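Structure first, commentary second.
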Amino acid sequence: MGDMVVIGELAPDGTLTKLSTEVATLARSLAEAAGVGATAVIPVAGADAAAAELAEFVTSVVVDGGAGPDATPSQRAAVVAAGLDGADHVLIPASPDGRDLAGALSALTGWGVLANGVAARWSDEGPVVVQSAFGGKLVTESAFIGGHGIVTIRPNAVTAEPLGSPGTVGTRATQPAGTIAPVALLDRIVAENAAVSIDDARIIVAGGRGVGGPEGFGLVQELADALGGAVGASRAAVDSGWIPYSQQIGQTGKIVKPQLYLALGISGAIQHKVGMQTAETIIAVNRDPDAPIADFADVLVVGDLFDVGRAMLVELRSRSG
Amino acid sequence: MRIVVLTKPVPDPASGGERLLPDFRLDRANSPTVVNGNDEYVLEKALKLIEAAGEGEVVLLSMAPADAPETMRKALAMGATSGVLVTDPALAGSCTVATTRVLAAALQTLEFDLVFAGVDSSDGFAGVVPAGVATLTGLPYLSWAAEIEPDTATRTVRVRRISPTGYDVLEAPMPALISGTQALGEPRYPSLKGIMGARAKTITVLSLADLGIDPGSVGSPGATTRVVDARPPEARAATRVIRDGPDEAARQVVDFLAERRLI
Ligand SMILES: Cc1cc2nc3c(=O)[nH]c(=O)nc-3n(C[C@H](O)[C@H](O)[C@H](O)COP(=O)(O)OP(=O)(O)OC[C@H]3O[C@@H](n4cnc5c(N)ncnc54)[C@H](O)[C@@H]3O)c2cc1C
Ligand SMILES: Nc1ncnc2c1ncn2[C@@H]1O[C@H](COP(=O)(O)O)[C@@H](O)[C@H]1O
């Protein structure tokens with residue numbers, strides 16, 4: 001078996017994403033079980049600070065500047081493909097950029113993809129990847145045929161664990177494999193109402209149609225602040241224009257796996273459920289005791305979300321002294 | 001302007017009937033098939049662009065079992081001009097690598113200015129096919145579109161790509177491949193006239209032989225991944241229901257949070 005490659009990814013501000021450290025931890029443990037090496041590649045020129053951070057989690061990190069600063073994920077994939085150097089498996093964060101990179105890398109190598117893994121273990125045939133199928137109705141385990149493949153891993157599926165002593169950092173500039181059509185980046189717009197990212201939040205307080213309007217999200221935000229979490233929403237709230245699409249959780253929004261999911265005025269429709277059902281603890285406040293969310297919440301408070309929410313704020317504030 | 005929309009027939013997520021057969025293949029008989037949700041959003045955008053331009057065509061492209069025309073009719077009823085279906089018994093059990101190759105080969109037989117796809121599909125959630133198709137066809141790839149603005153005079157297309165903190169403004173020459181989501185706008189309901197008209201629209205059927213693809217390289221024989229186990233998820237513990245007044249309920253919830261070390 002050849003080595004394992006893990007892709008490190010940067011946030012728009014140039015810092016390493018938390019998900020990269022999670023995926024690196026997983027790659028390290030798979031490589032140990034397989035008795036092979038694990039190398040992280042950050043395919044972004046000049047990502048030295050991020051590389052040093054990633055080296056806390058994996059013994060060898062390479063910054064590959066072959067794709068140029070404004071390269072698209074597909075162009076980065078061409079650099080990764082050319083630098084595989086005998087590796088057989090590539091682990092990639094299942095973020096929007098990571099999925100694009102995985103798709104292009106699969107096309108360039110002909111390797112299969114096991115997407116959105118929530119866990120992986122090593123077997124004689126290679127990695128066995130645990131995935132959630134059909135909106136969580138099934139848990140599947142899949143393997144590669146042919147001895148190599150690409151795995152993408154969801155946020156918060158693995159706990160990042162640093163190494164005892166940090167790994168090494170190197171740089172290179174690999175000539176990309178094949179020509180990927182360029183796309184020009186004209187502008188980067190930071191949304192005025194840019195909210196705290198829900199992607200890897202530990203605590204999410206989410207509001208639905210029951211919140212009733214943009215003002216209602218004031219209470220949702222206050223609760224999120226009191227708990228140190230981020231604000232999420234159902235599609236009904238997003239469609240009503242009460243909160244931006246970036247906060248939507250569910251089938252056509254984000255898939256999240258926080259430690260605590262507090263749902264206020266959300267019925268728990270299947271398309272919402274698929275985005276949050278793997279949260280460790282789910283608490284719902286709903287005045288309808290028969291709402292679908294009653295079937296999968298750990299705690300259901302039957303009552304008005306404004307009354308219960310305000311009382312929770314008072315209780316939280318009194319305990320934090 | 002001609003826009004090809006990649007449309008994937010998927011088991012209806014709302015049906016609750018999706019399940020796997022003992023050999024881990026999808027049990028297609030147990031749930032109705034619908035057009036993948038994200039594909040409806042990009043289709044809606046394609047229809048709006050053609051309407052705004054006052055001319056053009058929207059062509060659906062699917063790789064699916066032979067009964068797919070039934071599902072494609074729903075998208076034709078929304079207003080698409082015609083459809084292309086790649087179907088072949090040898091495609092059963094295809095993985096994303098084969099799907100990507102087949103869709104790329106089918107695109108080479110079509111003329112277009114833009115190709116649209118959903119960012120991911122509700123059955124697989126892989127979200128890797130569009131980037132792969134763009135790579136194999138050499139098309140510029142613009143993903144996660146919240147807005148799509150083609151300029152026929154300059155033959156370029158601008159896309160607002162959703163980013164973690166807002167959006168990026170991207171531009172590429174046409175033809176290009178663009179993936180999008182719900183942020184593009186709610187899909188229309190087919191009108192009665194649309195539904196009637198859809199029956200008369202053409203769905204061209206292509207086989208692997210038509211595309212010059214070796215049947216042994218796709219489907220189950222060519223698969224790059226396999227399912228080794230499938231099981232229902234671990235059941236969550238029974239729900240604790242609190243029916244007390246707000247103050248007492250809040251106290252119990254905050255106690256529970258403290259117990260689980262969440263505060
Ligand atoms: C293709 C497709 C994709 C979709 N993708 C998504 C997705 O990504 N994410 C998503 O969330 N949905 C998605 N949906 C929509 C989904 O089906 C539901 O319509 C949506 O989740 C409902 O949102 P909600 O729970 O906020 O609203 P509702 O279902 O209307 O529920 C509101 C709840 O609030 C309760 N309530 C009202 N007032 C109060 C109050 N004062 N106090 C306490 N409780 C109150 C009510 O009892 C009710 O249970 C999708 C649908 C389709 C067809
Ligand atoms: N069999 C298929 N036929 C047509 N389009 C497809 C097919 N598979 C995937 N696609 C397109 O690729 C998108 C992402 O699919 P996936 O990578 O399977 O999650 C879908 O939303 C479709 O636009």
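Chain labels follow the order of the structure tokens: the first chain is A, the next B, and so on; residue numbering restarts at 1 in every chain, and ligands are counted from 1 in their shown order.
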Do you have, as a tab-separated table, the list of residues of chain B lying at most 10 Å from ligand 2, each with its nearest atom pair and that distance in Å to one decimal, counting only C-alpha atoms and all ligand atoms and ordered by chain then number?
residue	atom	partner	partner_atom_place_in_ligand_line	distance
B:Val5	CA	ligand 2	23 (O)	6.9
B:Leu6	CA	ligand 2	5 (N)	4.0
B:Thr7	CA	ligand 2	5 (N)	4.3
B:Lys8	CA	ligand 2	4 (C)	4.1
B:Pro9	CA	ligand 2	3 (N)	7.0
B:Val10	CA	ligand 2	1 (N)	8.9
B:Val35	CA	ligand 2	21 (O)	9.1
B:Asn36	CA	ligand 2	21 (O)	6.2
B:Gly37	CA	ligand 2	21 (O)	7.7
B:Asn38	CA	ligand 2	21 (O)	5.6
B:Asp39	CA	ligand 2	21 (O)	5.1
B:Glu40	CA	ligand 2	21 (O)	8.8
B:Tyr41	CA	ligand 2	21 (O)	9.7
B:Val42	CA	ligand 2	23 (O)	8.4
B:Leu43	CA	ligand 2	23 (O)	9.5
B:Leu60	CA	ligand 2	4 (C)	8.3
B:Leu61	CA	ligand 2	4 (C)	5.7
B:Ser62	CA	ligand 2	3 (N)	3.7
B:Met63	CA	ligand 2	3 (N)	4.0
B:Ala64	CA	ligand 2	1 (N)	5.5
B:Pro65	CA	ligand 2	1 (N)	9.2
B:Val84	CA	ligand 2	4 (C)	9.7
B:Leu85	CA	ligand 2	3 (N)	8.3
B:Val86	CA	ligand 2	3 (N)	8.2
B:Thr87	CA	ligand 2	1 (N)	9.6
B:Leu91	CA	ligand 2	1 (N)	9.9
B:Ser94	CA	ligand 2	1 (N)	9.0
B:Cys95	CA	ligand 2	18 (O)	9.1
B:Thr96	CA	ligand 2	18 (O)	6.7
B:Val97	CA	ligand 2	17 (O)	9.8
B:Ala98	CA	ligand 2	1 (N)	9.5
B:Thr99	CA	ligand 2	1 (N)	5.9
B:Thr100	CA	ligand 2	8 (N)	7.4
B:Val102	CA	ligand 2	1 (N)	8.7
B:Leu103	CA	ligand 2	4 (C)	6.9
B:Val115	CA	ligand 2	23 (O)	9.4
B:Phe116	CA	ligand 2	23 (O)	6.9
B:Ala117	CA	ligand 2	23 (O)	3.4
B:Gly118	CA	ligand 2	21 (O)	3.3
B:Val119	CA	ligand 2	14 (C)	5.2
B:Asp120	CA	ligand 2	19 (O)	3.5
B:Ser121	CA	ligand 2	19 (O)	3.9
B:Ser122	CA	ligand 2	19 (O)	7.1
B:Asp123	CA	ligand 2	19 (O)	7.6
B:Gly124	CA	ligand 2	19 (O)	5.4
B:Phe125	CA	ligand 2	19 (O)	4.4
B:Ala126	CA	ligand 2	19 (O)	4.0
B:Gly127	CA	ligand 2	17 (O)	3.5
B:Val128	CA	ligand 2	17 (O)	4.1
B:Val129	CA	ligand 2	17 (O)	3.8
B:Pro130	CA	ligand 2	12 (O)	5.0
B:Ala131	CA	ligand 2	17 (O)	8.4
B:Gly132	CA	ligand 2	17 (O)	8.7
B:Val133	CA	ligand 2	12 (O)	8.6
B:Ile178	CA	ligand 2	23 (O)	9.6
B:Ser179	CA	ligand 2	23 (O)	7.3
B:Gly180	CA	ligand 2	21 (O)	8.4
B:Thr181	CA	ligand 2	21 (O)	8.9
Kindly provide, as a PDB file with C-alpha atoms, in the first residue's frame, all nucleotide and amino acid residues lying within 8 Å of ligand 1, counting only C-alpha atoms and all ligand atoms.
ATOM      1  CA  GLY A 207     -34.831  29.334  14.551  1.00  0.00           C
ATOM      2  CA  GLY A 208     -37.656  28.312  12.245  1.00  0.00           C
ATOM      3  CA  ARG A 209     -40.964  29.660  11.017  1.00  0.00           C
ATOM      4  CA  GLY A 210     -42.166  29.768  14.616  1.00  0.00           C
ATOM      5  CA  VAL A 211     -39.732  32.628  15.319  1.00  0.00           C
ATOM      6  CA  GLY A 212     -42.167  34.760  13.333  1.00  0.00           C
ATOM      7  CA  ALA A 233     -32.155  28.421  10.679  1.00  0.00           C
ATOM      8  CA  SER A 234     -34.662  26.274   8.871  1.00  0.00           C
ATOM      9  CA  ARG A 235     -35.397  26.902   5.250  1.00  0.00           C
ATOM     10  CA  ALA A 236     -38.776  28.423   6.086  1.00  0.00           C
ATOM     11  CA  ALA A 237     -36.957  31.204   7.990  1.00  0.00           C
ATOM     12  CA  GLN A 248     -29.617  27.385   6.550  1.00  0.00           C
ATOM     13  CA  ILE A 249     -29.350  23.864   7.892  1.00  0.00           C
ATOM     14  CA  GLY A 250     -30.619  20.874   5.963  1.00  0.00           C
ATOM     15  CA  GLN A 251     -30.720  19.119   2.658  1.00  0.00           C
ATOM     16  CA  THR A 252     -30.080  22.220   0.566  1.00  0.00           C
ATOM     17  CA  GLY A 253     -28.238  24.075   3.300  1.00  0.00           C
ATOM     18  CA  LYS A 254     -25.453  22.934   5.579  1.00  0.00           C
ATOM     19  CA  LEU A 264     -36.767  27.022  18.377  1.00  0.00           C
ATOM     20  CA  GLY A 265     -40.006  26.874  16.405  1.00  0.00           C
ATOM     21  CA  ILE A 266     -38.732  24.260  13.961  1.00  0.00           C
ATOM     22  CA  SER A 267     -41.022  21.348  13.086  1.00  0.00           C
ATOM     23  CA  GLY A 268     -38.197  18.972  12.135  1.00  0.00           C
ATOM     24  CA  ALA A 269     -39.154  18.178   8.527  1.00  0.00           C
ATOM     25  CA  ILE A 270     -37.061  15.401   6.961  1.00  0.00           C
ATOM     26  CA  GLN A 271     -35.136  17.924   4.814  1.00  0.00           C
ATOM     27  CA  HIS A 272     -34.167  19.827   7.973  1.00  0.00           C
ATOM     28  CA  LYS A 273     -33.471  16.688   9.974  1.00  0.00           C
ATOM     29  CA  GLY A 275     -28.759  18.541   8.280  1.00  0.00           C
ATOM     30  CA  VAL A 285     -38.875  24.156  21.964  1.00  0.00           C
ATOM     31  CA  ASN A 286     -42.192  23.783  20.154  1.00  0.00           C
ATOM     32  CA  ARG A 287     -45.756  24.445  21.142  1.00  0.00           C
ATOM     33  CA  ASP A 288     -46.895  21.410  19.180  1.00  0.00           C
ATOM     34  CA  PRO A 289     -46.071  18.209  21.132  1.00  0.00           C
ATOM     35  CA  ALA A 291     -44.171  18.046  15.723  1.00  0.00           C
ATOM     36  CA  PRO A 292     -41.853  15.546  13.956  1.00  0.00           C
ATOM     37  CA  ILE A 293     -38.874  16.880  15.932  1.00  0.00           C
ATOM     38  CA  VAL A 302     -43.751  22.002  24.929  1.00  0.00           C
ATOM     39  CA  GLY A 303     -44.406  25.719  25.062  1.00  0.00           C
ATOM     40  CA  ASP A 304     -44.067  29.107  23.443  1.00  0.00           C
ATOM     41  CA  LEU A 305     -40.514  29.688  22.261  1.00  0.00           C
ATOM     42  CA  PHE A 306     -40.541  33.343  23.325  1.00  0.00           C
TER      43      PHE A 306
ATOM     44  CA  ALA B  14     -40.073  12.918   1.196  1.00  0.00           C
ATOM     45  CA  ASN B  36     -33.060  15.981  -7.720  1.00  0.00           C
ATOM     46  CA  GLY B  37     -34.010  19.128  -5.734  1.00  0.00           C
ATOM     47  CA  ASN B  38     -30.887  21.132  -6.569  1.00  0.00           C
ATOM     48  CA  GLN B 182     -31.592  26.846  -3.800  1.00  0.00           C
TER      49      GLN B 182
END
*Show me which bits of chain A are within 6 Å of chain B, counting only C-alpha atoms, as a PyMOL selection string.*
chain A and resi 99-100+103-104+107+112+115+134+138-145+181+183-191+194+297-302+307-308+311-312
*asked:* As an exercise, work out the distance from atom CA of A:Val118 to atom CA of A:Val62 in Å and give it to one decimal place.
replied: 25.5 Å
_Taking 4 positions as the minimum chain separation for residues in the same chain, which residues sit within 12 Å of B:Pro89 when counting only C-alpha atoms? Answer as a list in words._
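Everything that qualifies: Met63, Ala64, Pro65, Ala66, Asp67, Gly93, Ser94, Leu206, Ser207, Leu208, Ala209, Pro215, Gly216, Val218, Gly219 and Ser220 of chain B.
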*Do a neighbour search on A:Ser197 at 10 Å with only C-alpha atoms, toss out local chain neighbours closer than 3 positions, and write the hits as a PyMOL selection string.*
(chain A and resi 194+200-201+204+229-232+246-247) or (chain B and resi 164-165)
*asked:* Which residues are close to A:Leu260, i.e. within 8 Å by only C-alpha atoms, leaving aside same-chain residues fewer than 3 positions away? Reply as a ChimeraX atom specification.
replied: /A:202-204,279-283 /B:262
Could you write those residues out with all heavy atoms, as a CSV table (one decimal), in the first residue's frame?
chain,number,residue,atom,x,y,z
A,202,ARG,N,-19.7,24.6,17.9
A,202,ARG,CA,-19.9,23.6,18.9
A,202,ARG,C,-21.3,23.6,19.4
A,202,ARG,O,-21.9,22.6,19.8
A,202,ARG,CB,-18.9,23.9,20.1
A,202,ARG,CG,-18.7,22.7,21.1
A,202,ARG,CD,-17.7,23.1,22.1
A,202,ARG,NE,-18.3,24.0,23.1
A,202,ARG,CZ,-18.9,23.6,24.3
A,202,ARG,NH1,-18.9,22.3,24.5
A,202,ARG,NH2,-19.4,24.4,25.1
A,203,ILE,N,-21.9,24.8,19.4
A,203,ILE,CA,-23.3,25.0,19.8
A,203,ILE,C,-24.0,25.8,18.7
A,203,ILE,O,-23.5,26.8,18.3
A,203,ILE,CB,-23.4,25.7,21.2
A,203,ILE,CG1,-22.8,24.8,22.3
A,203,ILE,CG2,-24.8,26.2,21.5
A,203,ILE,CD1,-22.8,25.4,23.6
A,204,ILE,N,-25.2,25.3,18.3
A,204,ILE,CA,-26.0,26.0,17.4
A,204,ILE,C,-27.4,26.3,18.0
A,204,ILE,O,-28.0,25.3,18.5
A,204,ILE,CB,-26.1,25.3,16.0
A,204,ILE,CG1,-24.7,25.2,15.4
A,204,ILE,CG2,-27.1,26.0,15.1
A,204,ILE,CD1,-24.7,24.4,14.1
A,279,ALA,N,-26.3,15.8,15.6
A,279,ALA,CA,-25.9,16.6,16.7
A,279,ALA,C,-25.9,15.7,18.0
A,279,ALA,O,-26.8,14.9,18.1
A,279,ALA,CB,-26.8,17.8,16.9
A,280,GLU,N,-24.9,15.9,18.9
A,280,GLU,CA,-24.9,15.1,20.0
A,280,GLU,C,-26.1,15.2,20.9
A,280,GLU,O,-26.7,14.2,21.3
A,280,GLU,CB,-23.6,15.3,20.8
A,280,GLU,CG,-22.4,14.5,20.3
A,280,GLU,CD,-21.1,15.0,20.6
A,280,GLU,OE1,-20.9,15.4,21.8
A,280,GLU,OE2,-20.2,15.1,19.7
A,281,THR,N,-26.5,16.5,21.2
A,281,THR,CA,-27.7,16.7,22.0
A,281,THR,C,-28.6,17.6,21.2
A,281,THR,O,-28.2,18.7,20.7
A,281,THR,CB,-27.3,17.4,23.3
A,281,THR,OG1,-26.4,16.5,24.1
A,281,THR,CG2,-28.5,17.7,24.2
A,282,ILE,N,-29.9,17.2,21.1
A,282,ILE,CA,-30.9,18.0,20.5
A,282,ILE,C,-31.9,18.5,21.4
A,282,ILE,O,-32.6,17.6,22.1
A,282,ILE,CB,-31.5,17.3,19.3
A,282,ILE,CG1,-30.4,16.9,18.3
A,282,ILE,CG2,-32.6,18.1,18.6
A,282,ILE,CD1,-30.9,15.9,17.2
A,283,ILE,N,-32.1,19.8,21.6
A,283,ILE,CA,-33.2,20.3,22.4
A,283,ILE,C,-34.2,21.1,21.6
A,283,ILE,O,-33.7,21.9,20.8
A,283,ILE,CB,-32.7,21.1,23.6
A,283,ILE,CG1,-31.7,20.3,24.5
A,283,ILE,CG2,-33.8,21.7,24.5
A,283,ILE,CD1,-31.1,21.0,25.6
B,262,LEU,N,-22.5,21.3,28.8
B,262,LEU,CA,-22.6,22.2,27.6
B,262,LEU,C,-22.6,23.7,28.0
B,262,LEU,O,-22.5,24.5,27.2
B,262,LEU,CB,-23.9,21.8,26.9
B,262,LEU,CG,-23.8,20.5,26.2
B,262,LEU,CD1,-25.2,19.9,25.8
B,262,LEU,CD2,-22.9,20.6,24.9
*Extract, using only C-alpha atoms, all DNA, RNA and protein residues at most 9 Å from A:Glu56, discarding same-chain residues fewer than 6 positions from it, and format them as a PyMOL selection string.*
chain A and resi 21+161-167
*Which residue, B:Leu76, B:Val4, B:Leu26, B:Leu21, has the smallest gap to B:Ala46 when you use only C-alpha atoms?*
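Of all the options, B:Val4 lies closest to B:Ala46.
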*Apply DSSP to the structure's backbone, then extract all residues of stretch 8-173 of chain B labelled alpha helix (DSSP H) and return them as a PyMOL selection string.*
chain B and resi 37-53+69-78+96-108+129-137
*Mind checking which residues fall within 9 Å of A:Pro127, counting only C-alpha atoms, ignoring those fewer than 5 positions away in the same chain, and posting them as a PyMOL selection string?*
chain A and resi 30+34+89+120-122+142-144+149+151
Can those selected residues be exported to a file as a compact mmCIF listing (two decimals), in the first residue's frame so that it contains C-alpha atoms?
# COMPACT_ATOMS: atom_id res chain seq x y z
CA LEU A 30 -5.41 5.29 9.22
CA ALA A 34 -1.86 0.57 7.52
CA HIS A 89 -5.41 7.35 -0.85
CA ALA A 120 -13.15 5.52 8.66
CA ARG A 121 -11.16 2.48 9.73
CA TRP A 122 -8.44 0.49 8.08
CA SER A 142 -17.95 1.27 1.84
CA ALA A 143 -14.56 0.30 0.52
CA PHE A 144 -12.57 1.02 -2.65
CA GLY A 149 -9.38 6.22 -3.76
CA VAL A 151 -12.32 10.18 0.77
*In Å, rounded to a single decimal, give me how far atom CA of A:Gly228 is from atom CA of A:Glu22.*
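Interatomic distance, atom CA of A:Glu22 to atom CA of A:Gly228: 21.3 Å.
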